[in-house]
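Student: Input structure: coords.csv, which contains CSV, C-alpha atoms.
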```csv
chain,number,residue,atom,x,y,z
L,15,MET,CA,-1.8,10.7,-15.4
L,16,LYS,CA,0.6,8.5,-13.4
L,17,MET,CA,-1.9,8.2,-10.5
L,18,LEU,CA,-4.7,7.3,-12.9
L,19,SER,CA,-2.7,4.5,-14.4
L,20,LEU,CA,-1.9,3.3,-10.9
L,21,LEU,CA,-5.6,3.4,-10.0
L,22,ILE,CA,-6.4,1.3,-13.1
L,23,VAL,CA,-3.8,-1.3,-12.1
L,24,LEU,CA,-5.1,-1.5,-8.5
L,25,THR,CA,-8.6,-1.8,-9.8
L,26,ALA,CA,-7.5,-4.8,-11.9
L,27,LEU,CA,-5.8,-6.3,-9.0
L,28,PHE,CA,-9.0,-6.2,-6.9
L,29,ALA,CA,-10.8,-8.2,-9.6
L,30,CYS,CA,-8.3,-11.1,-9.3
L,31,ASP,CA,-9.2,-14.1,-7.1
L,32,PRO,CA,-6.3,-15.4,-5.1
L,33,GLU,CA,-5.9,-19.1,-4.8
L,34,ASN,CA,-8.0,-20.7,-2.1
L,35,VAL,CA,-5.6,-20.5,0.9
L,36,ASN,CA,-6.8,-21.0,4.5
L,37,PRO,CA,-5.7,-17.8,6.3
L,38,ASN,CA,-5.8,-19.7,9.6
L,39,ASN,CA,-2.9,-21.8,8.5
L,40,PRO,CA,0.1,-19.5,8.7
L,41,ASP,CA,2.4,-21.9,6.8
L,42,ASN,CA,0.1,-21.8,3.7
L,43,ALA,CA,-0.3,-18.0,4.0
L,44,ALA,CA,3.5,-17.4,4.3
L,45,ALA,CA,4.1,-19.6,1.2
L,46,ARG,CA,1.5,-17.6,-0.7
L,47,ILE,CA,2.8,-14.2,0.4
L,48,SER,CA,6.5,-15.0,-0.2
L,49,GLY,CA,7.5,-13.7,-3.7
L,50,SER,CA,4.4,-11.4,-3.9
L,51,ALA,CA,3.9,-7.7,-3.9
L,52,PHE,CA,1.6,-5.6,-1.7
L,53,HIS,CA,0.3,-2.2,-3.1
L,54,ILE,CA,-1.1,0.5,-0.9
L,55,TYR,CA,-2.5,3.6,-2.5
L,56,THR,CA,-4.1,6.6,-0.6
L,57,SER,CA,-6.0,9.1,-2.8
L,58,PRO,CA,-6.3,12.8,-2.1
L,59,GLY,CA,-9.4,14.1,-0.4
L,60,PRO,CA,-12.0,15.4,-2.8
L,61,TRP,CA,-13.3,18.3,-0.7
L,62,SER,CA,-10.1,20.0,0.5
L,63,ASP,CA,-7.9,22.8,-0.8
L,64,SER,CA,-4.9,20.6,0.1
L,65,SER,CA,-4.4,17.0,-0.8
L,66,THR,CA,-1.9,14.3,-0.2
L,67,SER,CA,-1.5,11.1,-2.1
L,68,SER,CA,0.8,8.2,-1.5
L,69,TYR,CA,1.8,4.9,-3.0
L,70,HIS,CA,3.7,2.1,-1.4
L,71,LYS,CA,4.8,-1.2,-3.0
L,72,VAL,CA,6.2,-3.9,-0.7
L,73,ASP,CA,8.0,-6.8,-2.3
L,74,PHE,CA,8.1,-9.9,0.0
L,75,CYS,CA,11.2,-12.1,-0.4
L,76,PRO,CA,11.3,-15.8,0.5
L,77,ASN,CA,14.0,-15.2,3.1
L,78,GLY,CA,11.7,-13.1,5.4
L,79,HIS,CA,12.9,-9.8,4.2
L,80,PHE,CA,11.0,-7.1,2.3
L,81,MET,CA,11.7,-4.0,0.3
L,82,ARG,CA,9.3,-1.0,0.2
L,83,PHE,CA,9.3,1.6,-2.5
L,84,PHE,CA,7.2,4.7,-1.7
L,85,GLU,CA,6.2,8.0,-3.3
L,86,THR,CA,4.1,10.8,-1.9
L,87,SER,CA,2.9,14.1,-3.2
L,88,LEU,CA,1.4,17.1,-1.4
L,89,ILE,CA,-0.5,19.9,-3.0
L,90,VAL,CA,-1.6,22.9,-1.0
L,91,LYS,CA,-3.6,25.7,-2.7
L,92,GLY,CA,-4.2,29.0,-1.2
L,93,GLY,CA,-3.7,32.7,-1.5
L,94,PRO,CA,-5.8,35.2,-3.6
L,95,ARG,CA,-8.3,33.9,-6.1
L,96,ASN,CA,-8.6,34.8,-9.7
L,97,TYR,CA,-11.8,36.0,-11.5
L,98,ASN,CA,-13.0,32.3,-11.7
L,99,GLY,CA,-12.6,31.9,-8.0
L,100,GLU,CA,-9.5,29.6,-8.4
L,101,PRO,CA,-6.5,30.0,-6.1
L,102,VAL,CA,-3.6,31.7,-7.9
L,103,THR,CA,-0.8,30.3,-5.8
L,104,GLY,CA,0.1,26.8,-4.7
L,105,VAL,CA,2.7,24.6,-3.1
L,106,TYR,CA,3.6,21.3,-4.6
L,107,ALA,CA,6.0,18.7,-3.2
L,108,ALA,CA,6.9,15.1,-4.0
L,109,SER,CA,9.2,12.6,-2.5
L,110,ASN,CA,10.1,8.9,-2.9
L,111,GLY,CA,12.4,6.4,-1.5
L,112,LEU,CA,13.2,2.8,-0.5
L,113,THR,CA,13.1,1.2,2.9
L,114,SER,CA,13.4,-2.4,4.0
L,115,GLY,CA,12.9,-4.8,6.9
L,116,THR,CA,11.6,-8.2,7.8
L,117,TRP,CA,8.1,-9.8,7.6
L,118,SER,CA,6.5,-12.5,9.5
L,119,ILE,CA,3.1,-13.9,10.5
L,120,ALA,CA,2.1,-13.7,14.2
L,121,GLU,CA,-0.9,-14.9,16.1
L,122,VAL,CA,-2.4,-12.6,18.7
L,123,ASN,CA,-5.5,-13.7,20.7
L,124,GLY,CA,-6.3,-16.3,18.1
L,125,GLN,CA,-6.1,-13.9,15.2
L,126,SER,CA,-3.3,-14.1,12.6
L,127,TRP,CA,-1.5,-10.9,11.5
L,128,LEU,CA,1.1,-10.1,8.8
L,129,VAL,CA,3.8,-8.1,10.6
L,130,LEU,CA,6.2,-5.8,8.8
L,131,GLN,CA,9.2,-4.7,11.0
L,132,PHE,CA,11.1,-1.9,9.4
L,133,ASP,CA,14.8,-1.4,9.8
L,134,GLU,CA,14.1,2.1,11.0
L,135,GLY,CA,12.2,0.6,14.0
L,136,PHE,CA,8.5,1.1,13.2
L,137,THR,CA,6.0,-1.7,12.6
L,138,TRP,CA,3.0,-2.1,10.3
L,139,THR,CA,0.4,-4.9,10.9
L,140,TYR,CA,-2.4,-6.2,8.7
L,141,GLU,CA,-5.1,-8.8,9.4
L,142,LEU,CA,-3.9,-11.9,7.6
L,143,ALA,CA,-7.4,-12.8,6.5
L,144,LYS,CA,-7.7,-9.5,4.6
L,145,ILE,CA,-4.2,-10.0,3.0
L,146,MET,CA,-5.3,-13.4,1.8
L,147,GLU,CA,-8.5,-12.0,0.3
L,148,GLY,CA,-6.3,-10.1,-2.1
L,149,GLY,CA,-7.5,-6.6,-1.6
L,150,TRP,CA,-9.7,-4.2,0.3
L,151,LYS,CA,-10.4,-0.5,0.9
L,152,GLU,CA,-10.5,1.6,4.1
L,153,GLY,CA,-11.6,5.2,3.6
L,154,ARG,CA,-9.4,6.7,0.9
L,155,THR,CA,-6.8,3.9,1.0
L,156,ARG,CA,-6.8,0.8,-1.2
L,157,PHE,CA,-4.8,-2.3,-0.4
L,158,ALA,CA,-4.0,-5.0,-3.0
L,159,MET,CA,-1.8,-8.1,-3.2
L,160,ASP,CA,-0.2,-8.9,-6.5
L,161,TRP,CA,0.4,-12.7,-6.1
L,162,GLY,CA,3.7,-13.9,-7.4
L,163,LYS,CA,4.8,-10.5,-8.7
L,164,GLY,CA,7.3,-9.4,-6.0
L,165,VAL,CA,10.8,-8.4,-7.0
L,166,CYS,CA,13.5,-9.4,-4.5
L,167,ARG,CA,16.8,-7.5,-4.6
```
Output the structure of this file as structure tokens.
Tutor:
Amino acid sequence: MKMLSLLIVLTALFACDPENVNPNNPDNAAARISGSAFHIYTSPGPWSDSSTSSYHKVDFCPNGHFMRFFETSLIVKGGPRNYNGEPVTGVYAASNGLTSGTWSIAEVNGQSWLVLQFDEGFTWTYELAKIMEGGWKEGRTRFAMDWGKGVCR
């Protein structure tokens, strides 16, 4: 039920039109991103006996820092099957946590990118034009900006 509620929220976010901001102007984009939240949701695969789903929320602070909340779940079904053909055993796991880092906008070969540098040493990058559109989908993963809804701690 929790994942269904999250999917409804993300669907609503995709319907929102962000303000008309030129993604080629990094100053305008940084001002728009600052104080906003970024949602990333990966849904489980429909045709597998095992599935993983994850949700990440990144809150962008005006000082160039961010906080990321994440939660993941893993379900693996297997073993003998009952009279209906359903697996009788399964493994279920879930985890969540917080991480942080710094965010910036960088230009590489004439294209602007949103760069998240995590304190743990890894980096995530996203095309700035896609971020400024407000939302998109790649495979089983949905991305959505929630303008002005970031929570800085």
Student: Separation of atom CA of L:Leu112 and atom CA of L:Ala43, in Å?
Tutor: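 It comes out at 25.2 Å.
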Student: Leaving out L:Ala120 and any residue of its chain fewer than 6 positions from it, which residues lie within 10 Å of it when counting all atoms listed in the file, given as a list in words?
Tutor: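 Neighbouring residues, sequence-local ones excluded: Pro40, Ser126, Trp127, Leu128, Val129, Thr139, Glu141 and Leu142 of chain L.
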Student: Keeping C-alpha atoms, export the residues of the selection given above as a short mmCIF file (atom, residue, chain, number, x, y, z; two decimals), in the frame of the given file.
Tutor:
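Once written, part18.cif looks like this:
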```
data_model
loop_
_atom_site.label_atom_id
_atom_site.label_comp_id
_atom_site.auth_asym_id
_atom_site.auth_seq_id
_atom_site.Cartn_x
_atom_site.Cartn_y
_atom_site.Cartn_z
CA PRO L 40 0.10 -19.50 8.70
CA SER L 126 -3.30 -14.10 12.60
CA TRP L 127 -1.50 -10.90 11.50
CA LEU L 128 1.10 -10.10 8.80
CA VAL L 129 3.80 -8.10 10.60
CA THR L 139 0.40 -4.90 10.90
CA GLU L 141 -5.10 -8.80 9.40
CA LEU L 142 -3.90 -11.90 7.60
#
```
Student: Tell me which protein, DNA and RNA residues are within 8 Å of stretch 152-166 of chain L, counting only C-alpha atoms, leaving out same-chain ones fewer than 2 positions away, and put them as a list of chain:residue names.
Tutor: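 Surrounding residues, per the criterion: L:Leu24, L:Leu27, L:Phe28, L:Pro32, L:Arg46, L:Ile47, L:Ser48, L:Gly49, L:Ser50, L:Ala51, L:Phe52, L:His53, L:Ile54, L:Tyr55, L:Thr56, L:Ser57, L:Pro58, L:Gly59, L:Val72, L:Asp73, L:Phe74, L:Cys75, L:Phe80, L:Met81, L:Ile145, L:Gly148, L:Gly149, L:Trp150.
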Student: Can you tell me how far atom CA of L:Tyr140 sits from atom CA of L:Phe83, in Å to one decimal?
Tutor: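 So the answer is 18.0 Å.
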Student: Just to confirm, what's the straight-line distance from atom CA of L:Gln125 to atom CA of L:Lys144 in Å (one decimal)?
Tutor: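 The value is 11.6 Å.
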Student: List as a VMD selection string the protein and nucleic acid residues near L:Phe84, meaning an atom at most 7 Å away when all atoms listed in the file are counted, but skip any in the same chain fewer than 4 places from it.
Tutor: chain L and resid 69 to 71 110 to 112
